[in-house]
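*Asks:* Okay, handing you the structure first.
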Amino acid sequence: MPIASLRRVLAGAALTLVTLAAAAHSYKLGSIDIDHPTARPTTPGQSVGGGFMTLVNKGAADRLMSVTSAVAGSVQMHSMAMDGDVMKMRQVDAIELPAGQTVELKPGAWHLMLVGLKAPLKSGDTFPMTLRFEKAGEVVVTVNVEPPQPEPAKAEPQHEHQHEHTH
Ligand SMILES: [Cu+2]
């Protein structure tokens, strides 16, 4: 094959890989898949931001032990749970990843809090973040800064419930 066309083929292959990586945006560490790590955009003066991702554990039980990123002074792991009728946020030492289960870090559930942001997070930006698991070890993921995605169907019943009161 002439060099020129070989080069074209290779360039095409490289481009395809880049496109796939951007669309899928997931990482693999041992038996743990880390899907779509994202953070919310923040406004100037806002020192705290939220971080989200989906952790799929295809192997034995593990735990997310710590998270660090250069964009923030510290990254805390938080849980959200109802305490009476109040939703309360609590800092935890680790997030349990039961064997064969998916744990979603999302608003209203487990999430990361980027505390002491050094600069506002802007929509479209990306930054590296290091996740350390008890058994799987460490991985650096790229976090996409993106605004909240509209929740599919799930949010509907709540809306209907609220509208009932206007009758
Ligand atoms: Cu929190």
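Simple scheme: letters A, B, ... for chains in structure tokens order, numbers from 1 for residues in each chain, numbers from 1 for ligands in the order shown.
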Within 12 Å of ligand 1, counting only C-alpha atoms and all ligand atoms: which residues, as a PyMOL selection string?
*Replies:* chain A and resi 48-52+75-81+87-92+105-115
*Asks:* Save the residues we just selected, N, CA and C atoms, as an mmCIF file, in the first residue's frame?
*Replies:*
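Here's the written file again_15.cif:
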data_model
loop_
_atom_site.group_PDB
_atom_site.id
_atom_site.type_symbol
_atom_site.label_atom_id
_atom_site.label_comp_id
_atom_site.auth_asym_id
_atom_site.auth_seq_id
_atom_site.Cartn_x
_atom_site.Cartn_y
_atom_site.Cartn_z
ATOM 1 N N VAL A 48 -18.091 25.873 45.952
ATOM 2 C CA VAL A 48 -18.395 24.447 46.027
ATOM 3 C C VAL A 48 -19.131 24.006 44.769
ATOM 4 N N GLY A 49 -18.756 22.847 44.231
ATOM 5 C CA GLY A 49 -19.429 22.319 43.046
ATOM 6 C C GLY A 49 -19.743 20.847 43.225
ATOM 7 N N GLY A 50 -20.710 20.359 42.446
ATOM 8 C CA GLY A 50 -21.119 18.959 42.544
ATOM 9 C C GLY A 50 -20.497 18.111 41.448
ATOM 10 N N GLY A 51 -20.136 16.865 41.789
ATOM 11 C CA GLY A 51 -19.566 15.929 40.818
ATOM 12 C C GLY A 51 -20.373 14.644 40.779
ATOM 13 N N PHE A 52 -20.557 14.115 39.566
ATOM 14 C CA PHE A 52 -21.422 12.950 39.378
ATOM 15 C C PHE A 52 -20.805 11.958 38.399
ATOM 16 N N VAL A 75 -11.991 17.096 47.642
ATOM 17 C CA VAL A 75 -13.199 16.520 47.054
ATOM 18 C C VAL A 75 -13.806 15.596 48.108
ATOM 19 N N GLN A 76 -15.011 15.934 48.540
ATOM 20 C CA GLN A 76 -15.678 15.131 49.563
ATOM 21 C C GLN A 76 -16.677 14.183 48.911
ATOM 22 N N MET A 77 -16.895 13.048 49.585
ATOM 23 C CA MET A 77 -17.931 12.111 49.148
ATOM 24 C C MET A 77 -19.134 12.330 50.053
ATOM 25 N N HIS A 78 -20.302 12.517 49.476
ATOM 26 C CA HIS A 78 -21.505 12.811 50.257
ATOM 27 C C HIS A 78 -22.618 11.822 49.965
ATOM 28 N N SER A 79 -23.433 11.589 50.965
ATOM 29 C CA SER A 79 -24.678 10.847 50.761
ATOM 30 C C SER A 79 -25.822 11.814 50.997
ATOM 31 N N MET A 80 -26.982 11.501 50.429
ATOM 32 C CA MET A 80 -28.193 12.275 50.679
ATOM 33 C C MET A 80 -29.237 11.283 51.143
ATOM 34 N N ALA A 81 -29.909 11.627 52.215
ATOM 35 C CA ALA A 81 -30.969 10.745 52.697
ATOM 36 C C ALA A 81 -32.018 11.561 53.425
ATOM 37 N N MET A 87 -34.397 16.439 53.468
ATOM 38 C CA MET A 87 -33.317 15.777 52.751
ATOM 39 C C MET A 87 -31.999 16.273 53.332
ATOM 40 N N LYS A 88 -31.193 15.364 53.865
ATOM 41 C CA LYS A 88 -29.937 15.787 54.479
ATOM 42 C C LYS A 88 -28.728 15.210 53.778
ATOM 43 N N MET A 89 -27.687 16.048 53.713
ATOM 44 C CA MET A 89 -26.440 15.673 53.063
ATOM 45 C C MET A 89 -25.429 15.356 54.162
ATOM 46 N N ARG A 90 -24.668 14.311 53.939
ATOM 47 C CA ARG A 90 -23.731 13.882 54.966
ATOM 48 C C ARG A 90 -22.417 13.472 54.294
ATOM 49 N N GLN A 91 -21.310 13.878 54.883
ATOM 50 C CA GLN A 91 -20.017 13.458 54.338
ATOM 51 C C GLN A 91 -19.722 12.031 54.794
ATOM 52 N N VAL A 92 -19.226 11.210 53.872
ATOM 53 C CA VAL A 92 -18.914 9.818 54.215
ATOM 54 C C VAL A 92 -17.424 9.554 53.961
ATOM 55 N N LEU A 105 -23.765 8.131 41.138
ATOM 56 C CA LEU A 105 -23.526 9.386 41.842
ATOM 57 C C LEU A 105 -24.316 10.428 41.081
ATOM 58 N N LYS A 106 -25.399 10.924 41.702
ATOM 59 C CA LYS A 106 -26.305 11.831 41.008
ATOM 60 C C LYS A 106 -26.978 12.743 42.022
ATOM 61 N N PRO A 107 -27.575 13.836 41.556
ATOM 62 C CA PRO A 107 -28.244 14.738 42.491
ATOM 63 C C PRO A 107 -29.290 13.986 43.313
ATOM 64 N N GLY A 108 -29.316 14.236 44.600
ATOM 65 C CA GLY A 108 -30.284 13.586 45.475
ATOM 66 C C GLY A 108 -29.825 12.236 45.981
ATOM 67 N N ALA A 109 -28.615 11.818 45.607
ATOM 68 C CA ALA A 109 -28.085 10.535 46.045
ATOM 69 C C ALA A 109 -26.596 10.728 46.374
ATOM 70 N N TRP A 110 -25.832 9.641 46.263
ATOM 71 C CA TRP A 110 -24.384 9.794 46.414
ATOM 72 C C TRP A 110 -23.901 10.860 45.440
ATOM 73 N N HIS A 111 -22.958 11.680 45.857
ATOM 74 C CA HIS A 111 -22.348 12.646 44.942
ATOM 75 C C HIS A 111 -21.009 13.097 45.501
ATOM 76 N N LEU A 112 -20.273 13.788 44.651
ATOM 77 C CA LEU A 112 -19.000 14.362 45.082
ATOM 78 C C LEU A 112 -19.188 15.857 45.267
ATOM 79 N N MET A 113 -18.521 16.422 46.250
ATOM 80 C CA MET A 113 -18.537 17.859 46.435
ATOM 81 C C MET A 113 -17.108 18.362 46.273
ATOM 82 N N LEU A 114 -16.937 19.219 45.293
ATOM 83 C CA LEU A 114 -15.643 19.846 45.064
ATOM 84 C C LEU A 114 -15.623 21.082 45.954
ATOM 85 N N VAL A 115 -14.816 21.034 46.991
ATOM 86 C CA VAL A 115 -14.812 22.098 48.000
ATOM 87 C C VAL A 115 -13.568 22.962 47.835
#
*Asks:* Going by DSSP on the backbone, which residues of stretch 5-117 of chain A come out as alpha helix (DSSP H)? List them as a PyMOL selection string.
*Replies:* chain A and resi 5-24
*Asks:* When you look at A:Pro37 with a cut-off of 8 Å (counting only C-alpha atoms), what residues show up, excluding the ones that are within fewer than 5 positions of it in the same chain? I need them as JSON, numbers by chain.
*Replies:* {"A": [25, 26, 51, 52, 53, 54, 141, 142, 143, 144]}
*Asks:* Output the selection as a PDB file, in the first residue's frame - C-alpha atoms for each residue.
*Replies:*
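The result, written out as part-v6.pdb:
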ATOM      1  CA  HIS A  25     -16.613   8.929  27.979  1.00  0.00           C
ATOM      2  CA  SER A  26     -16.107   5.983  30.246  1.00  0.00           C
ATOM      3  CA  GLY A  51     -19.566  15.929  40.818  1.00  0.00           C
ATOM      4  CA  PHE A  52     -21.422  12.950  39.378  1.00  0.00           C
ATOM      5  CA  MET A  53     -20.734   9.642  37.587  1.00  0.00           C
ATOM      6  CA  THR A  54     -21.935   6.061  37.376  1.00  0.00           C
ATOM      7  CA  VAL A 141     -10.600  10.334  34.781  1.00  0.00           C
ATOM      8  CA  THR A 142     -11.500  13.401  32.751  1.00  0.00           C
ATOM      9  CA  VAL A 143     -14.494  15.233  34.152  1.00  0.00           C
ATOM     10  CA  ASN A 144     -16.753  17.112  31.705  1.00  0.00           C
TER      11      ASN A 144
END
*Asks:* For atom CA of A:Glu134 and atom CA of A:Ile32, determine how far apart the two atoms are, in Å to one decimal place.
*Replies:* 11.7 Å
*Asks:* Let me make sure I understand: among A:Thr126, A:Ser74, A:Leu131, A:Met82, which one has the smallest atom-to-atom distance to A:Asp33 if we use only C-alpha atoms?
*Replies:*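 Answer, going by the shortest atom-to-atom distance: A:Leu131.
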*Asks:* Kindly indicate which residue among A:Ala72, A:Ile34, A:Ala99, A:Ala119 lies nearest to A:Ala60, using only C-alpha atoms for the distances.
*Replies:*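 Closest to A:Ala60, using only C-alpha atoms: A:Ala99.
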*Asks:* Can you list every residue in stretch 44-145 of chain A that DSSP puts in strand (DSSP E), as a PyMOL selection string?
*Replies:* chain A and resi 48-57+62-68+72-83+86-92+95-97+102-105+111-117+126-133+137-145
*Asks:* Restricting it to C-alpha atoms, dump the selection as a short mmCIF file (atom, residue, chain, number, x, y, z; two decimals), in the first residue's frame.
*Replies:*
data_model
loop_
_atom_site.label_atom_id
_atom_site.label_comp_id
_atom_site.auth_asym_id
_atom_site.auth_seq_id
_atom_site.Cartn_x
_atom_site.Cartn_y
_atom_site.Cartn_z
CA VAL A 48 -18.39 24.45 46.03
CA GLY A 49 -19.43 22.32 43.05
CA GLY A 50 -21.12 18.96 42.54
CA GLY A 51 -19.57 15.93 40.82
CA PHE A 52 -21.42 12.95 39.38
CA MET A 53 -20.73 9.64 37.59
CA THR A 54 -21.93 6.06 37.38
CA LEU A 55 -19.82 3.31 38.93
CA VAL A 56 -20.49 -0.19 37.61
CA ASN A 57 -18.83 -2.89 39.67
CA ASP A 62 -14.95 -2.66 46.52
CA ARG A 63 -15.10 0.87 47.92
CA LEU A 64 -14.34 4.33 46.60
CA MET A 65 -11.92 5.56 49.25
CA SER A 66 -10.90 9.03 48.13
CA VAL A 67 -11.14 11.52 45.31
CA THR A 68 -8.77 14.37 44.53
CA ALA A 72 -10.49 22.08 44.26
CA GLY A 73 -8.92 22.17 47.72
CA SER A 74 -10.61 18.87 48.48
CA VAL A 75 -13.20 16.52 47.05
CA GLN A 76 -15.68 15.13 49.56
CA MET A 77 -17.93 12.11 49.15
CA HIS A 78 -21.50 12.81 50.26
CA SER A 79 -24.68 10.85 50.76
CA MET A 80 -28.19 12.28 50.68
CA ALA A 81 -30.97 10.74 52.70
CA MET A 82 -34.31 11.71 54.17
CA ASP A 83 -34.16 12.63 57.85
CA VAL A 86 -35.85 16.88 55.35
CA MET A 87 -33.32 15.78 52.75
CA LYS A 88 -29.94 15.79 54.48
CA MET A 89 -26.44 15.67 53.06
CA ARG A 90 -23.73 13.88 54.97
CA GLN A 91 -20.02 13.46 54.34
CA VAL A 92 -18.91 9.82 54.21
CA ILE A 95 -18.75 4.88 48.98
CA GLU A 96 -19.51 1.16 49.07
CA LEU A 97 -19.56 -0.62 45.73
CA THR A 102 -24.21 -0.16 39.82
CA VAL A 103 -23.89 2.86 42.06
CA GLU A 104 -25.01 6.16 40.59
CA LEU A 105 -23.53 9.39 41.84
CA HIS A 111 -22.35 12.65 44.94
CA LEU A 112 -19.00 14.36 45.08
CA MET A 113 -18.54 17.86 46.44
CA LEU A 114 -15.64 19.85 45.06
CA VAL A 115 -14.81 22.10 48.00
CA GLY A 116 -12.65 25.19 47.69
CA LEU A 117 -12.82 25.61 43.91
CA THR A 126 -12.78 19.39 31.34
CA PHE A 127 -10.43 18.62 34.22
CA PRO A 128 -8.63 15.56 35.57
CA MET A 129 -9.77 13.88 38.78
CA THR A 130 -8.14 10.96 40.60
CA LEU A 131 -10.34 8.21 42.04
CA ARG A 132 -8.85 5.75 44.52
CA PHE A 133 -10.58 2.43 45.14
CA GLY A 137 -6.47 1.03 42.88
CA GLU A 138 -6.22 4.46 41.31
CA VAL A 139 -7.42 5.94 38.06
CA VAL A 140 -7.39 9.45 36.61
CA VAL A 141 -10.60 10.33 34.78
CA THR A 142 -11.50 13.40 32.75
CA VAL A 143 -14.49 15.23 34.15
CA ASN A 144 -16.75 17.11 31.71
CA VAL A 145 -18.30 20.29 33.02
#
*Asks:* Report, in Å to a single decimal, how far apart atom CA of A:Thr42 and atom CA of A:Lys118 are.
*Replies:* 11.2 Å
*Asks:* For a quick check of understanding, using only C-alpha atoms, which of A:Ala94, A:Lys135, A:Pro120, A:Asp125 has the smallest distance to A:Gln46?
*Replies:*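 Once distances to A:Gln46 are computed over only C-alpha atoms, the minimum belongs to A:Pro120.
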